[in-house]
file work-v5.txt (compact mmCIF, C-alpha atoms)
# COMPACT_ATOMS: atom_id res chain seq x y z
CA MET A 450 -17.34 31.21 -7.25
CA PHE A 451 -15.74 29.45 -4.29
CA ASN A 452 -13.06 31.03 -2.11
CA ILE A 453 -10.24 28.57 -1.48
CA LEU A 454 -6.87 28.48 0.21
CA VAL A 455 -3.96 26.60 -1.43
CA THR A 456 -0.75 26.19 0.57
CA LYS A 457 1.65 25.05 -2.17
CA GLU A 458 2.19 25.45 -5.90
CA LEU A 459 1.08 22.26 -7.70
CA PRO A 460 2.66 20.44 -10.67
CA GLY A 461 0.78 20.59 -13.94
CA ASP A 462 -1.97 23.14 -14.66
CA TRP A 463 -4.34 22.12 -11.89
CA LEU A 464 -4.29 25.54 -10.27
CA GLY A 465 -5.42 26.88 -13.64
CA LEU A 466 -8.38 24.51 -13.53
CA LEU A 467 -9.21 25.58 -9.99
CA GLY A 468 -8.98 29.22 -11.02
CA LYS A 469 -11.85 28.80 -13.47
CA GLU A 470 -14.24 27.98 -10.63
CA CYS A 471 -12.55 29.39 -7.54
CA LYS A 472 -10.90 32.49 -6.21
CA ILE A 473 -7.50 31.20 -5.04
CA ASP A 474 -5.52 32.52 -2.10
CA LEU A 475 -2.11 30.91 -2.73
CA TRP A 476 0.92 30.64 -0.46
CA LYS A 477 3.78 30.67 -2.99
CA ASP A 478 6.80 29.82 -0.84
CA VAL A 479 8.21 26.27 -0.67
CA TYR A 480 8.36 26.65 3.11
CA PRO A 481 5.12 26.01 5.01
CA PRO A 482 3.04 29.09 5.86
CA PRO A 483 3.18 30.22 9.49
CA LYS A 484 0.24 29.23 11.66
CA GLN A 485 -0.86 32.86 12.09
CA TRP A 486 -0.97 33.27 8.30
CA LEU A 487 -3.09 30.14 8.00
CA MET A 488 -5.47 31.33 10.69
CA GLN A 489 -5.85 34.73 9.07
CA HIS A 490 -6.35 33.48 5.51
CA ILE A 491 -8.58 30.47 6.16
CA LYS A 492 -11.29 32.47 7.97
CA ASP A 493 -13.44 33.24 4.94
CA LYS A 494 -12.60 30.20 2.81
CA ASP A 495 -15.02 27.57 1.52
CA GLY A 496 -12.24 25.06 0.96
CA ALA A 497 -8.54 24.44 1.51
CA LEU A 498 -5.99 22.40 -0.41
CA VAL A 499 -3.08 21.64 1.93
CA THR A 500 -0.02 19.39 2.10
CA LEU A 501 1.46 17.26 4.86
CA THR A 502 3.67 20.13 6.09
CA GLU A 503 0.69 22.19 7.26
CA LYS A 504 -0.64 21.32 10.72
CA ILE A 505 -4.39 21.86 10.69
CA ASP A 506 -5.32 21.76 14.37
CA LYS A 507 -8.44 22.64 16.39
CA GLU A 508 -7.46 26.29 16.64
CA ILE A 509 -7.24 26.68 12.88
CA ILE A 510 -10.44 24.70 12.32
CA ASP A 511 -12.32 26.86 14.83
CA VAL A 512 -11.56 30.09 12.96
CA ALA A 513 -12.60 28.55 9.61
CA SER A 514 -16.31 29.07 10.11
CA LYS A 515 -17.18 28.75 6.40
CA LEU A 516 -14.94 25.79 5.62
CA LYS A 517 -16.65 22.87 3.88
CA VAL A 518 -13.69 20.75 2.78
CA ILE A 519 -9.99 20.21 3.41
CA SER A 520 -8.30 18.42 0.53
CA THR A 521 -4.84 17.16 1.45
CA TYR A 522 -2.23 16.49 -1.22
CA SER A 523 -1.03 13.34 0.54
CA VAL A 524 -1.98 9.79 1.40
CA GLY A 525 -1.45 10.45 5.11
CA TYR A 526 -3.66 12.81 7.07
CA ASP A 527 -2.11 12.79 10.55
CA HIS A 528 -1.28 16.51 10.07
CA ILE A 529 -5.00 17.27 10.30
CA ASP A 530 -7.19 16.90 13.38
CA VAL A 531 -9.52 14.81 11.27
CA ARG A 532 -11.99 13.74 13.94
CA TYR A 533 -12.49 17.30 15.12
CA ALA A 534 -12.86 18.62 11.57
CA ILE A 535 -15.45 15.97 10.71
CA SER A 536 -17.33 16.75 13.93
CA LYS A 537 -17.58 20.32 12.62
CA GLY A 538 -19.07 19.06 9.35
CA ILE A 539 -15.90 19.52 7.31
CA ILE A 540 -15.17 16.91 4.63
CA ILE A 541 -11.58 15.61 4.57
CA THR A 542 -10.21 14.18 1.32
CA TYR A 543 -6.84 12.64 0.47
CA THR A 544 -4.84 11.00 -2.35
CA PRO A 545 -4.25 7.28 -1.67
CA GLU A 546 -3.47 4.53 -4.20
CA VAL A 547 -1.82 6.81 -6.75
CA LEU A 548 1.53 6.91 -4.90
CA THR A 549 1.57 3.19 -4.02
CA GLU A 550 3.85 1.96 -6.78
CA ALA A 551 6.26 4.90 -6.63
CA THR A 552 6.71 4.46 -2.88
CA ALA A 553 7.17 0.70 -3.20
CA ASP A 554 9.84 1.34 -5.87
CA LEU A 555 11.68 3.65 -3.50
CA ILE A 556 11.46 1.13 -0.65
CA PHE A 557 13.11 -1.49 -2.83
CA GLY A 558 15.69 1.06 -3.88
CA LEU A 559 16.51 1.64 -0.21
CA ILE A 560 16.74 -2.12 0.36
CA LEU A 561 19.21 -2.56 -2.47
CA ALA A 562 21.19 0.58 -1.68
CA SER A 563 21.52 -0.41 1.98
CA ALA A 564 22.35 -4.08 1.46
CA ARG A 565 24.75 -3.58 -1.45
CA ARG A 566 26.31 -0.37 -0.07
CA ILE A 567 25.50 1.50 -3.28
CA ALA A 568 25.40 5.00 -1.79
CA GLU A 569 28.53 4.31 0.23
CA GLY A 570 30.33 3.10 -2.89
CA ASP A 571 29.30 6.25 -4.74
CA ARG A 572 30.80 8.35 -1.94
CA VAL A 573 34.06 6.38 -2.01
CA ILE A 574 34.54 7.21 -5.70
CA ARG A 575 33.48 10.86 -5.45
CA LYS A 576 35.82 11.45 -2.49
CA GLY A 577 38.74 9.92 -4.38
CA GLN A 578 39.02 7.05 -1.92
CA TRP A 579 38.97 4.19 -4.46
CA ASN A 580 42.70 3.66 -4.33
CA THR A 581 43.04 -0.10 -4.72
CA PRO A 582 42.31 -2.51 -7.57
CA TRP A 583 39.60 -5.13 -7.21
CA TYR A 584 40.14 -7.61 -4.41
CA PRO A 585 37.90 -10.30 -2.83
CA THR A 586 36.97 -8.57 0.42
CA PHE A 587 36.45 -5.00 -0.81
CA MET A 588 33.18 -3.33 0.31
CA LEU A 589 31.24 -6.53 0.87
CA GLY A 590 27.51 -6.11 1.24
CA ARG A 591 24.57 -8.48 1.71
CA GLU A 592 22.48 -10.30 -0.87
CA VAL A 593 18.79 -9.50 -1.21
CA PHE A 594 17.71 -12.43 -3.38
CA GLY A 595 16.17 -15.26 -1.36
CA LYS A 596 16.26 -13.45 1.99
CA THR A 597 13.39 -12.90 4.44
CA ILE A 598 11.55 -9.58 4.29
CA GLY A 599 9.24 -8.54 7.12
CA ILE A 600 6.56 -5.98 6.27
CA ILE A 601 4.97 -4.03 9.13
CA GLY A 602 1.59 -2.94 7.76
CA MET A 603 -0.06 -4.76 4.87
CA GLY A 604 -1.93 -1.92 3.22
CA ARG A 605 -1.60 -0.88 -0.42
CA ILE A 606 2.11 -0.10 -0.16
CA GLY A 607 2.83 -3.22 1.87
CA LYS A 608 1.16 -5.35 -0.80
CA ALA A 609 3.14 -3.57 -3.54
CA VAL A 610 6.39 -4.31 -1.69
CA LEU A 611 5.28 -7.95 -1.36
CA ARG A 612 4.85 -8.22 -5.13
CA ARG A 613 8.36 -6.90 -5.70
CA ALA A 614 9.80 -9.19 -3.03
CA LYS A 615 8.38 -12.22 -4.82
CA GLY A 616 10.40 -11.22 -7.86
CA PHE A 617 13.50 -11.58 -5.70
CA SER A 618 12.34 -15.01 -4.46
CA MET A 619 12.15 -13.65 -0.94
CA ARG A 620 10.30 -15.22 1.94
CA VAL A 621 7.69 -12.65 2.99
CA VAL A 622 6.36 -12.35 6.52
CA TYR A 623 4.14 -9.55 7.78
CA TYR A 624 2.52 -8.00 10.82
CA SER A 625 -0.58 -5.80 10.85
CA ARG A 626 -3.63 -5.15 12.99
CA GLU A 627 -5.68 -7.38 10.67
CA ARG A 628 -4.77 -10.50 8.76
CA HIS A 629 -4.88 -10.28 4.98
CA ASN A 630 -5.41 -12.78 2.20
CA VAL A 631 -1.89 -12.46 0.81
CA ASP A 632 0.90 -14.82 -0.17
CA ALA A 633 2.85 -14.18 3.02
CA GLU A 634 3.13 -15.58 6.53
CA TYR A 635 1.57 -13.67 9.41
CA LEU A 636 3.80 -13.21 12.48
CA ASN A 637 3.47 -11.12 15.61
CA LEU A 638 5.74 -8.08 15.67
CA ASP A 639 8.43 -9.57 17.89
CA GLU A 640 8.73 -12.72 15.78
CA LEU A 641 8.87 -10.66 12.59
CA LEU A 642 11.73 -8.60 13.99
CA LYS A 643 13.64 -11.68 15.12
CA THR A 644 13.16 -13.44 11.76
CA SER A 645 13.60 -10.81 9.06
CA ASP A 646 16.70 -9.83 7.12
CA PHE A 647 14.90 -6.67 5.99
CA VAL A 648 12.27 -4.99 8.17
CA ILE A 649 9.98 -2.65 6.21
CA VAL A 650 7.97 -0.04 8.10
CA SER A 651 4.80 0.52 6.08
CA ALA A 652 2.22 1.57 8.65
CA GLU A 653 0.11 4.63 9.37
CA LEU A 654 1.18 6.99 12.14
CA ASN A 655 -1.27 7.01 15.04
CA GLU A 656 -1.27 6.69 18.81
CA LEU A 657 -0.60 2.96 18.50
CA THR A 658 2.30 3.18 16.04
CA TYR A 659 4.15 6.20 17.46
CA HIS A 660 7.65 4.90 18.36
CA MET A 661 6.48 1.37 17.64
CA ILE A 662 10.07 0.60 16.68
CA ASN A 663 11.86 1.53 19.90
CA GLU A 664 15.02 0.34 21.63
CA ASP A 665 13.44 -2.88 22.86
CA LYS A 666 12.19 -3.76 19.38
CA LEU A 667 15.47 -2.88 17.67
CA ARG A 668 17.33 -5.18 20.04
CA LEU A 669 15.18 -8.06 18.75
CA MET A 670 16.45 -7.63 15.19
CA LYS A 671 19.26 -9.73 13.74
CA LYS A 672 22.72 -8.19 13.73
CA ASP A 673 22.95 -8.56 9.96
CA SER A 674 19.47 -7.13 9.28
CA PHE A 675 18.34 -3.78 7.86
CA LEU A 676 15.51 -1.42 8.81
CA ILE A 677 13.75 0.43 5.98
CA ASN A 678 11.29 3.26 6.66
CA ALA A 679 9.44 5.22 3.98
CA SER A 680 6.13 5.69 5.80
CA ARG A 681 6.30 8.10 8.77
CA GLY A 682 9.41 9.08 10.71
CA LYS A 683 7.78 9.11 14.13
CA ILE A 684 7.00 5.39 13.95
CA VAL A 685 10.71 4.81 14.63
CA ASP A 686 12.40 6.13 17.77
CA GLU A 687 15.25 7.91 16.00
CA LYS A 688 17.53 8.13 19.04
CA ALA A 689 17.19 4.39 19.60
CA LEU A 690 17.89 3.74 15.90
CA ILE A 691 21.06 5.85 16.00
CA LYS A 692 22.19 3.81 19.01
CA ALA A 693 21.40 0.56 17.18
CA LEU A 694 23.33 1.65 14.08
CA THR A 695 26.29 2.98 16.09
CA GLU A 696 26.60 -0.02 18.40
CA GLY A 697 25.99 -2.65 15.71
CA TRP A 698 22.69 -4.12 16.88
CA ILE A 699 21.66 -4.10 13.21
CA ALA A 700 23.66 -3.90 9.99
CA GLY A 701 22.10 -0.78 8.53
CA ALA A 702 19.05 1.26 7.61
CA GLY A 703 17.41 3.01 4.67
CA LEU A 704 15.36 6.05 5.65
CA ASP A 705 13.16 8.31 3.55
CA VAL A 706 11.30 9.85 6.51
CA PHE A 707 12.42 11.27 9.83
CA GLU A 708 11.05 12.45 13.15
CA ASN A 709 11.86 16.04 12.18
CA GLU A 710 11.91 17.16 8.56
CA PRO A 711 14.03 18.50 7.02
CA LEU A 712 16.52 16.31 8.89
CA PRO A 713 18.61 18.61 11.13
CA ARG A 714 22.12 19.12 9.78
CA ASP A 715 23.59 18.08 13.11
CA SER A 716 21.71 14.76 13.18
CA LYS A 717 24.05 11.89 13.99
CA LEU A 718 22.46 9.95 11.14
CA VAL A 719 24.30 12.13 8.63
CA ASN A 720 27.71 10.83 9.71
CA LEU A 721 26.83 7.12 9.79
CA GLU A 722 28.08 5.09 6.82
CA ASN A 723 25.60 2.25 7.43
CA VAL A 724 22.49 4.28 6.71
CA VAL A 725 21.09 5.47 3.37
CA LEU A 726 19.19 8.77 3.60
CA THR A 727 16.73 10.25 1.11
CA PRO A 728 14.71 13.48 1.60
CA HIS A 729 11.12 12.15 1.68
CA LEU A 730 11.08 11.03 -1.97
CA GLY A 731 8.49 8.24 -1.71
CA SER A 732 6.00 9.79 -4.14
CA ALA A 733 8.54 11.98 -5.96
CA THR A 734 7.99 10.99 -9.57
CA VAL A 735 6.61 13.28 -12.25
CA GLU A 736 3.74 10.90 -12.95
CA THR A 737 2.74 10.42 -9.32
CA ARG A 738 2.94 14.03 -8.21
CA GLU A 739 0.89 15.24 -11.17
CA ARG A 740 -1.71 12.54 -10.52
CA MET A 741 -1.82 13.57 -6.85
CA ALA A 742 -2.47 17.16 -7.93
CA GLU A 743 -5.30 15.99 -10.19
CA ILE A 744 -6.95 13.96 -7.44
CA ALA A 745 -6.52 16.64 -4.75
CA THR A 746 -8.02 19.24 -7.09
CA LYS A 747 -10.94 17.07 -8.14
CA ASN A 748 -11.59 16.02 -4.54
CA LEU A 749 -11.82 19.69 -3.56
CA LEU A 750 -14.12 20.73 -6.39
CA LEU A 751 -16.44 17.75 -6.05
CA ALA A 752 -16.87 18.29 -2.32
CA LEU A 753 -17.45 22.02 -2.75
CA LYS A 754 -20.21 21.27 -5.26
CA GLY A 755 -21.86 18.83 -2.87
CA GLU A 756 -20.82 15.80 -4.91
CA LYS A 757 -18.97 12.69 -3.72
CA PRO A 758 -15.18 13.18 -3.78
CA ILE A 759 -12.92 10.49 -5.21
CA TYR A 760 -11.29 9.73 -1.83
CA GLU A 761 -12.84 10.83 1.47
CA VAL A 762 -11.50 10.10 4.94
CA ARG A 763 -14.14 8.32 7.03
CA PHE A 764 -14.26 6.90 10.52

call {"tool": "encode", "arguments": {"input": "work-v5.txt", "output": "structure tokens"}}
result
Amino acid sequence: MFNILVTKELPGDWLGLLGKECKIDLWKDVYPPPKQWLMQHIKDKDGALVTLTEKIDKEIIDVASKLKVISTYSVGYDHIDVRYAISKGIIITYTPEVLTEATADLIFGLILASARRIAEGDRVIRKGQWNTPWYPTFMLGREVFGKTIGIIGMGRIGKAVLRRAKGFSMRVVYYSRERHNVDAEYLNLDELLKTSDFVIVSAELNELTYHMINEDKLRLMKKDSFLINASRGKIVDEKALIKALTEGWIAGAGLDVFENEPLPRDSKLVNLENVVLTPHLGSATVETRERMAEIATKNLLLALKGEKPIYEVRF
């Protein structure tokens, strides 16, 4: 029987499946375990099933002398020092593809909510501020149909957003490190920002993309454009974005991810009417989260048994 560490409760009965073949050391709180707890409990483990809130760094990896596999319940793996872990012979697995459609749905929800002021309109009613009858200039938003959407990163999620954009007869432009065989026009990043009505951040977080969208880049965007980010918060310089939203460089934003999560209560974003905020809901559907649990569990068990996992991180 394998000894494993699991850092979050999982949807469905996948922990029950793991329990048939593994002795589970489970952190039961919704808050991430402290680093010292991780270091103490991972020492004798054969495998670990973690989430994106746990930072698995060199120090933790070094104490895990028996560790064979780290299975992360996420598509991203920037919370793990992957290169160092692999150099130590540890297999890293993840859960891509399954959350593609759910995240693309949320991105389009943020586009529509931002452009048509849906969340703002909801607040007006709930606060009892809808005091006038219908009139021609009340709460005017922007149309989405037929506009230009610029996608930064043309991976699985970028392609799923492209498919949805075509349903809105949008012109699609994109920027990525590599060109793709897609029904969209390739532009460099600056041209994409200057051209797009909706800029979609759909890239991985790495040393090249950290604060890729900074003050200089935001100033290139059109004054009536919107920035949408449901990938990683640190790709966007949040202070620069707040300045852009406050001073009217852009019309608005839709954000599902932030530089610090949970978003601090005193963040200036909270008080801005031209931004729609959601608490990292990209993959938050019943179907997707249960499928992620299935894949993360199977990845872990397959790797522990010396078999090929479904999704393995390779360099």

call {"tool": "atom_distance", "arguments": {"input": "work-v5.txt", "atom1": "atom CA of Val518 of chain A", "atom2": "atom CA of Ala652 of chain A"}}
result
25.6 Å

call {"tool": "closest_residue", "arguments": {"input": "work-v5.txt", "among": "A:Thr552, A:Arg565, A:Tyr584, A:Glu627", "to": "Arg613 of chain A", "atoms": "all atoms listed in the file"}}
result
A:Thr552

call {"tool": "closest_residue", "arguments": {"input": "work-v5.txt", "among": "A:Asp705, A:Asp527, A:Leu669, A:Ile535", "to": "Glu656 of chain A", "atoms": "only C-alpha atoms"}}
result
A:Asp527

call {"tool": "closest_residue", "arguments": {"input": "work-v5.txt", "among": "A:Glu592, A:Glu634, A:Glu664, A:Glu550", "to": "Ala562 of chain A", "atoms": "only C-alpha atoms"}}
result
A:Glu592

call {"tool": "closest_atom_pairs", "arguments": {"input": "work-v5.txt", "of": "segment 513-552 of chain A", "to": "segment 732-743 of chain A", "cutoff": "12 Å", "atoms": "only C-alpha atoms", "output": "tab-separated table"}}
result
residue	atom	partner	partner_atom	distance
A:Ser520	CA	A:Ala742	CA	10.4
A:Thr521	CA	A:Met741	CA	9.5
A:Tyr522	CA	A:Met741	CA	6.4
A:Ser523	CA	A:Met741	CA	7.4
A:Val524	CA	A:Met741	CA	9.1
A:Gly525	CA	A:Ser732	CA	11.9
A:Thr542	CA	A:Met741	CA	11.7
A:Tyr543	CA	A:Met741	CA	8.9
A:Thr544	CA	A:Met741	CA	6.0
A:Pro545	CA	A:Met741	CA	8.5
A:Glu546	CA	A:Met741	CA	9.6
A:Val547	CA	A:Thr737	CA	6.4
A:Leu548	CA	A:Ser732	CA	5.4
A:Thr549	CA	A:Ser732	CA	7.9
A:Glu550	CA	A:Ser732	CA	8.5
A:Ala551	CA	A:Ser732	CA	5.5
A:Thr552	CA	A:Ser732	CA	5.5

call {"tool": "residues_around", "arguments": {"input": "work-v5.txt", "residues": "Lys608 of chain A", "least_positions_apart": "6", "cutoff": "9 Å", "atoms": "all atoms listed in the file", "output": "MDAnalysis selection string"}}
result
chainID A and resid 553 600 602 631

call {"tool": "atom_distance", "arguments": {"input": "work-v5.txt", "atom1": "atom CA of Val531 of chain A", "atom2": "atom CA of Val762 of chain A"}}
result
8.1 Å

call {"tool": "closest_residue", "arguments": {"input": "work-v5.txt", "among": "A:Leu750, A:Ile598, A:Leu704, A:Ala564", "to": "Ser680 of chain A", "atoms": "all atoms listed in the file"}}
result
A:Leu704
